[in-house]
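Chemist: PDB, C-alpha atoms, file work-v8.pdb:
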```pdb
ATOM      1  CA  MET V  24     -45.603 -79.657 -26.262
ATOM      2  CA  ASN V  25     -46.781 -76.346 -24.871
ATOM      3  CA  PHE V  26     -50.354 -75.018 -24.675
ATOM      4  CA  PHE V  27     -50.340 -73.193 -28.019
ATOM      5  CA  ASP V  28     -48.889 -76.166 -29.846
ATOM      6  CA  GLN V  29     -51.630 -78.341 -28.371
ATOM      7  CA  LEU V  30     -54.227 -75.734 -29.414
ATOM      8  CA  ARG V  31     -52.975 -75.740 -33.015
ATOM      9  CA  ALA V  32     -52.999 -79.538 -33.067
ATOM     10  CA  LEU V  33     -56.693 -79.801 -32.109
ATOM     11  CA  ASP V  34     -58.917 -81.563 -34.652
ATOM     12  CA  PHE V  35     -62.416 -80.007 -34.755
ATOM     13  CA  ASN V  36     -63.687 -83.123 -36.514
ATOM     14  CA  ASP V  37     -62.739 -85.261 -33.524
ATOM     15  CA  ILE V  38     -63.555 -83.175 -30.471
ATOM     16  CA  GLY V  39     -63.961 -86.328 -28.346
ATOM     17  CA  ARG V  40     -60.171 -86.910 -28.491
ATOM     18  CA  TRP V  41     -59.336 -83.442 -27.231
ATOM     19  CA  PRO V  42     -57.570 -83.137 -23.908
ATOM     20  CA  LEU V  43     -59.921 -82.556 -20.959
ATOM     21  CA  LEU V  44     -58.775 -78.965 -20.514
ATOM     22  CA  PHE V  45     -59.701 -77.959 -24.063
ATOM     23  CA  ARG V  46     -63.024 -79.766 -23.961
ATOM     24  CA  ALA V  47     -63.848 -77.945 -20.719
ATOM     25  CA  LEU V  48     -62.890 -74.604 -22.300
ATOM     26  CA  LEU V  49     -65.074 -75.323 -25.338
ATOM     27  CA  ILE V  50     -68.052 -76.233 -23.160
ATOM     28  CA  GLY V  51     -67.489 -73.077 -21.138
ATOM     29  CA  LEU V  52     -67.407 -70.914 -24.265
ATOM     30  CA  LEU V  53     -70.569 -72.547 -25.613
ATOM     31  CA  PHE V  54     -72.292 -72.006 -22.256
ATOM     32  CA  ILE V  55     -71.297 -68.310 -22.237
ATOM     33  CA  LEU V  56     -72.538 -67.946 -25.814
ATOM     34  CA  VAL V  57     -75.887 -69.561 -24.986
ATOM     35  CA  VAL V  58     -76.280 -67.370 -21.882
ATOM     36  CA  PHE V  59     -75.417 -64.246 -23.871
ATOM     37  CA  VAL V  60     -77.941 -65.083 -26.602
ATOM     38  CA  GLY V  61     -80.610 -65.832 -23.982
ATOM     39  CA  VAL V  62     -79.919 -62.596 -22.130
ATOM     40  CA  TYR V  63     -80.001 -60.616 -25.385
ATOM     41  CA  TYR V  64     -83.393 -61.958 -26.432
ATOM     42  CA  LYS V  65     -84.959 -61.988 -22.971
ATOM     43  CA  VAL V  66     -83.598 -58.699 -21.667
ATOM     44  CA  PHE V  67     -82.579 -56.482 -24.556
ATOM     45  CA  LYS V  68     -85.151 -57.445 -27.183
ATOM     46  CA  GLU V  69     -88.116 -57.567 -24.772
ATOM     47  CA  LYS V  70     -87.074 -54.700 -22.489
ATOM     48  CA  LEU V  71     -85.702 -52.340 -25.135
ATOM     49  CA  PRO V  72     -89.126 -50.794 -26.028
ATOM     50  CA  GLN V  73     -89.820 -50.307 -22.332
ATOM     51  CA  LEU V  74     -86.399 -48.716 -21.910
ATOM     52  CA  GLU V  75     -87.041 -46.331 -24.815
ATOM     53  CA  ARG V  76     -90.465 -45.436 -23.371
ATOM     54  CA  VAL V  77     -88.930 -44.717 -19.981
ATOM     55  CA  GLN V  78     -86.268 -42.560 -21.629
ATOM     56  CA  GLN V  79     -88.951 -40.564 -23.438
ATOM     57  CA  GLU V  80     -90.851 -40.125 -20.170
ATOM     58  CA  GLU V  81     -87.626 -38.964 -18.567
ATOM     59  CA  GLN V  82     -87.160 -36.327 -21.269
ATOM     60  CA  SER V  83     -90.762 -35.196 -20.858
ATOM     61  CA  LEU V  84     -90.450 -34.981 -17.080
ATOM     62  CA  ARG V  85     -87.158 -33.139 -17.461
ATOM     63  CA  SER V  86     -88.844 -30.573 -19.725
ATOM     64  CA  VAL V  87     -91.698 -30.145 -17.247
ATOM     65  CA  PHE V  88     -89.206 -29.748 -14.416
ATOM     66  CA  GLU V  89     -87.193 -27.150 -16.311
ATOM     67  CA  ASN V  90     -90.388 -25.262 -17.151
ATOM     68  CA  LYS V  91     -91.549 -25.311 -13.522
ATOM     69  CA  GLN V  92     -88.095 -24.316 -12.373
ATOM     70  CA  GLY V  93     -88.142 -21.344 -14.766
ATOM     71  CA  GLN V  94     -91.544 -20.305 -13.434
ATOM     72  CA  ALA V  95     -90.327 -20.604  -9.858
ATOM     73  CA  VAL V  96     -87.271 -18.482 -10.626
ATOM     74  CA  ASN V  97     -89.470 -15.796 -12.242
ATOM     75  CA  LEU V  98     -92.219 -15.974  -9.604
ATOM     76  CA  ASP V  99     -91.265 -12.650  -8.025
ATOM     77  CA  ALA V 100     -91.240 -10.960 -11.432
ATOM     78  CA  TYR V 101     -94.650 -12.491 -12.232
ATOM     79  CA  ASN V 102     -96.069 -11.284  -8.914
ATOM     80  CA  THR V 103     -94.709  -7.790  -9.540
ATOM     81  CA  GLN V 104     -96.213  -7.764 -13.042
ATOM     82  CA  LEU V 105     -99.534  -9.036 -11.675
ATOM     83  CA  SER V 106     -99.588  -6.252  -9.086
ATOM     84  CA  GLN V 107     -98.906  -3.681 -11.811
ATOM     85  CA  MET V 108    -101.698  -5.115 -13.975
ATOM     86  CA  GLU V 109    -104.111  -5.077 -11.037
ATOM     87  CA  GLY V 110    -103.166  -1.459 -10.380
ATOM     88  CA  SER V 111    -103.741  -0.521 -14.029
ATOM     89  CA  PHE V 112    -107.053  -2.392 -14.067
ATOM     90  CA  GLY V 113    -108.124  -0.634 -10.878
ATOM     91  CA  ALA V 114    -107.227   2.736 -12.388
ATOM     92  CA  LEU V 115    -109.350   1.954 -15.462
ATOM     93  CA  LEU V 116    -112.242   0.810 -13.281
ATOM     94  CA  ARG V 117    -112.128   4.120 -11.420
ATOM     95  CA  GLN V 118    -112.715   5.846 -14.767
ATOM     96  CA  LEU V 119    -115.971   3.930 -15.235
ATOM     97  CA  PRO V 120    -118.944   5.555 -13.542
ATOM     98  CA  ASN V 121    -121.021   3.535 -11.138
ATOM     99  CA  ARG V 122    -124.814   3.493 -11.170
ATOM    100  CA  THR V 123    -125.190   6.707  -9.164
ATOM    101  CA  GLU V 124    -122.615   8.622 -11.245
ATOM    102  CA  VAL V 125    -124.171   7.940 -14.658
ATOM    103  CA  PRO V 126    -126.761  10.782 -14.521
ATOM    104  CA  SER V 127    -124.112  13.352 -13.586
ATOM    105  CA  LEU V 128    -121.866  12.090 -16.397
ATOM    106  CA  LEU V 129    -124.696  12.577 -18.893
ATOM    107  CA  VAL V 130    -125.051  16.126 -17.622
ATOM    108  CA  ASP V 131    -121.279  16.662 -18.004
ATOM    109  CA  ILE V 132    -121.412  15.502 -21.644
ATOM    110  CA  SER V 133    -124.330  17.800 -22.371
ATOM    111  CA  GLN V 134    -122.683  20.740 -20.595
ATOM    112  CA  THR V 135    -119.486  20.157 -22.560
ATOM    113  CA  GLY V 136    -121.388  20.815 -25.783
ATOM    114  CA  LEU V 137    -123.112  23.885 -24.385
ATOM    115  CA  ALA V 138    -119.813  25.238 -23.004
ATOM    116  CA  ALA V 139    -118.287  24.918 -26.474
ATOM    117  CA  GLY V 140    -121.063  27.194 -27.801
ATOM    118  CA  LEU V 141    -122.954  24.468 -29.665
ATOM    119  CA  ASP V 142    -126.700  24.162 -30.055
ATOM    120  CA  GLU V 143    -127.867  20.802 -28.771
ATOM    121  CA  GLU V 144    -130.540  19.512 -31.147
ATOM    122  CA  LEU V 145    -130.607  15.912 -29.861
ATOM    123  CA  PHE V 146    -129.421  14.238 -26.675
ATOM    124  CA  GLN V 147    -130.991  10.779 -26.429
ATOM    125  CA  PRO V 148    -129.570   8.185 -24.028
ATOM    126  CA  SER V 149    -130.455   4.587 -24.887
ATOM    127  CA  GLY V 150    -130.814   1.677 -22.530
ATOM    128  CA  GLU V 151    -127.752   0.007 -21.090
ATOM    129  CA  VAL V 152    -126.315  -2.883 -23.080
ATOM    130  CA  ARG V 153    -124.429  -5.493 -21.120
ATOM    131  CA  LYS V 154    -121.243  -6.262 -23.056
ATOM    132  CA  GLU V 155    -119.149  -8.467 -20.778
ATOM    133  CA  ASP V 156    -119.372  -9.946 -17.316
ATOM    134  CA  PHE V 157    -118.074  -6.791 -15.686
ATOM    135  CA  TYR V 158    -119.281  -3.760 -17.647
ATOM    136  CA  ALA V 159    -122.282  -2.348 -19.484
ATOM    137  CA  GLU V 160    -122.369   0.144 -22.348
ATOM    138  CA  LEU V 161    -124.610   3.203 -22.396
ATOM    139  CA  PRO V 162    -125.012   4.704 -25.922
ATOM    140  CA  ILE V 163    -126.194   8.305 -26.321
ATOM    141  CA  ARG V 164    -127.358   9.707 -29.650
ATOM    142  CA  ILE V 165    -126.230  13.340 -29.953
ATOM    143  CA  ARG V 166    -126.778  16.008 -32.598
ATOM    144  CA  LEU V 167    -124.932  19.312 -32.184
ATOM    145  CA  ARG V 168    -124.847  22.437 -34.317
ATOM    146  CA  GLY V 169    -122.146  25.076 -34.509
ATOM    147  CA  SER V 170    -118.878  26.056 -36.130
ATOM    148  CA  PHE V 171    -116.036  23.668 -36.865
ATOM    149  CA  HIS V 172    -113.946  25.100 -34.008
ATOM    150  CA  GLU V 173    -116.864  24.700 -31.593
ATOM    151  CA  LEU V 174    -117.270  21.075 -32.653
ATOM    152  CA  ALA V 175    -113.545  20.495 -32.134
ATOM    153  CA  ALA V 176    -113.772  22.103 -28.689
ATOM    154  CA  PHE V 177    -116.601  19.695 -27.804
ATOM    155  CA  VAL V 178    -114.575  16.638 -28.857
ATOM    156  CA  SER V 179    -111.572  17.859 -26.844
ATOM    157  CA  GLY V 180    -113.814  18.542 -23.851
ATOM    158  CA  VAL V 181    -115.278  15.039 -23.956
ATOM    159  CA  ALA V 182    -111.781  13.551 -24.151
ATOM    160  CA  ALA V 183    -110.822  15.537 -21.042
ATOM    161  CA  LEU V 184    -113.699  14.211 -18.931
ATOM    162  CA  PRO V 185    -112.549  12.175 -15.910
ATOM    163  CA  ARG V 186    -114.762   9.256 -16.975
ATOM    164  CA  ILE V 187    -114.303   7.158 -20.095
ATOM    165  CA  VAL V 188    -116.465   8.375 -22.991
ATOM    166  CA  THR V 189    -115.889   7.225 -26.574
ATOM    167  CA  LEU V 190    -117.357   8.719 -29.756
ATOM    168  CA  HIS V 191    -118.731   6.556 -32.588
ATOM    169  CA  ASP V 192    -120.636   6.869 -35.883
ATOM    170  CA  ILE V 193    -119.444  10.439 -36.362
ATOM    171  CA  ASP V 194    -121.101  12.311 -39.233
ATOM    172  CA  ILE V 195    -120.371  15.988 -39.938
ATOM    173  CA  LYS V 196    -122.207  17.930 -42.612
ATOM    174  CA  GLY V 197    -122.978  21.529 -43.412
ATOM    175  CA  ALA V 198    -126.188  23.084 -42.107
ATOM    176  CA  GLN V 199    -128.633  23.650 -44.938
ATOM    177  CA  ASP V 200    -129.955  26.914 -43.536
ATOM    178  CA  SER V 201    -126.616  28.453 -42.479
ATOM    179  CA  PRO V 202    -123.360  28.359 -44.468
ATOM    180  CA  ASN V 203    -121.288  29.042 -41.325
ATOM    181  CA  ASP V 204    -122.718  26.204 -39.224
ATOM    182  CA  MET V 205    -122.073  22.488 -39.271
ATOM    183  CA  VAL V 206    -124.159  19.661 -37.868
ATOM    184  CA  LEU V 207    -122.457  16.855 -35.939
ATOM    185  CA  ASP V 208    -124.260  13.541 -35.486
ATOM    186  CA  LEU V 209    -122.586  10.920 -33.335
ATOM    187  CA  THR V 210    -123.054   8.246 -30.734
ATOM    188  CA  ALA V 211    -121.273   8.826 -27.461
ATOM    189  CA  LYS V 212    -120.743   5.732 -25.352
ATOM    190  CA  THR V 213    -119.932   5.587 -21.693
ATOM    191  CA  TYR V 214    -119.333   2.430 -19.755
ATOM    192  CA  ARG V 215    -120.501   1.404 -16.301
ATOM    193  CA  TYR V 216    -118.737  -1.151 -14.156
ATOM    194  CA  LEU V 217    -121.115  -3.894 -13.059
ATOM    195  CA  ASP V 218    -120.556  -4.197  -9.347
ATOM    196  CA  GLU V 219    -121.646  -7.239  -7.376
ATOM    197  CA  GLU V 220    -125.072  -5.759  -6.700
ATOM    198  CA  SER V 221    -125.656  -5.111 -10.415
ATOM    199  CA  GLU V 222    -124.536  -8.614 -11.366
ATOM    200  CA  LEU V 223    -126.861 -10.185  -8.844
ATOM    201  CA  GLY V 224    -129.749  -7.989  -9.848
ATOM    202  CA  GLY V 225    -129.315  -8.564 -13.598
ATOM    203  CA  GLN V 226    -129.303  -5.998 -16.351
ATOM    204  CA  PRO V 227    -130.902  -2.714 -15.254
TER
END
```
What does this structure look like when you write it as structure tokens?
Modeler:
Amino acid sequence: MNFFDQLRALDFNDIGRWPLLFRALLIGLLFILVVFVGVYYKVFKEKLPQLERVQQEEQSLRSVFENKQGQAVNLDAYNTQLSQMEGSFGALLRQLPNRTEVPSLLVDISQTGLAAGLDEELFQPSGEVRKEDFYAELPIRIRLRGSFHELAAFVSGVAALPRIVTLHDIDIKGAQDSPNDMVLDLTAKTYRYLDEESELGGQP
């Protein structure tokens, strides 16, 4: 009787009468099954959440790495852009008058109106107002009288000044005593860069 015939002839209700070889194989299979079940519950079931957490951390670290790698690749471009922004910022700062240049700028604004042929009825600088950590605003109430073309020439002249001057609260109306004249009320604002000395000394 060969091996397969003996295997088919085995009686599972009387395992004790099996040949030694088949009993040894059965014990071996049961041992493997018990080990597999033990490994599954001890390793897979208990370690699976930890494995999933580690995989999530791996994905997160991979994303951080890819982000840092992208920044490193573009570092030269970022430095170039930063240099351009610093240059633009420096150019804007040069358009802001410092403390000693403010009086001459006020004169330039006033002279711009006179050069346009306007009558200056009011020119009233207010106190500086600190707006941010690096600049202060100087409002100037202005009332000018003249023709429409003269008023337009004044606005163009102010825009052409080398320092930054902005115009606000503009109100134009006809002069009551002269049909050919108009009266322009506005607030001109210039801005002064707060240098280190100004910041240490507080608001002037």
Chemist: Which residues of segment 191-220 of chain V come within 6 Å of segment 162-169 of chain V, and what is each one's closest atom pair and distance in Å (one decimal), counting only C-alpha atoms, sorted by chain and residue number, as a Markdown table?
Modeler:
```
| residue | atom | partner | partner_atom | distance |
| --- | --- | --- | --- | --- |
| V:Asp204 | CA | V:Gly169 | CA | 4.9 |
| V:Met205 | CA | V:Gly169 | CA | 5.4 |
| V:Val206 | CA | V:Arg168 | CA | 4.6 |
| V:Leu207 | CA | V:Leu167 | CA | 5.1 |
| V:Asp208 | CA | V:Arg166 | CA | 4.6 |
| V:Leu209 | CA | V:Ile165 | CA | 5.5 |
| V:Thr210 | CA | V:Arg164 | CA | 4.7 |
| V:Ala211 | CA | V:Ile163 | CA | 5.1 |
| V:Lys212 | CA | V:Pro162 | CA | 4.4 |
```
Chemist: Can you pull out every residue within 10 Å of Ala176 of chain V, counting all atoms listed in the file, but drop anything in the same chain fewer than 5 positions away, and send it as a ChimeraX atom specification?
Modeler: /V:135-136,138-141,170-171,181-182
Chemist: If we count all atoms listed in the file, what is near Leu184 of chain V at a cut-off of 9 Å, once residues fewer than 3 positions away on the same chain are taken out, given as a ChimeraX atom specification?
Modeler: /V:128,131-132,179-181,187-188
Chemist: May I ask for the distance between atom CA of Tyr216 of chain V and atom CA of Phe157 of chain V, given in Å to one decimal place?
Modeler: 5.9 Å
Chemist: I'd like to know which of V:Ala183, V:Met108, V:Val125, V:Leu52 is closest to Ala159 of chain V, using all atoms listed in the file.
Modeler: V:Val125
Chemist: Determine the axis-aligned bounding box of all atoms of segment 100-108 of chain V present in the file, pad each side by 6 Å, and express its centre and edge lengths in Å to one decimal place as JSON.
Modeler:
```
{"center_x": -96.5, "center_y": -8.1, "center_z": -11.4, "size_x": 22.5, "size_y": 20.8, "size_z": 17.1}
```
Chemist: Could you tell me how far atom CA of Leu161 of chain V sits from atom CA of Pro148 of chain V, in Å to one decimal place?
Modeler: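 Calculated distance between atom CA of Pro148 of chain V and atom CA of Leu161 of chain V is 7.2 Å.
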Chemist: Measure the distance from atom CA of Ser133 of chain V to atom CA of Ala175 of chain V in Å and round it to one decimal.
Modeler: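 Computing it gives 14.8 Å between the two atoms.
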Chemist: May I ask which of the residues V:Thr213, V:Gln73, V:Asn102, V:Gln78 is the closest one to Gly150 of chain V, counting all atoms listed in the file?
Modeler: V:Thr213
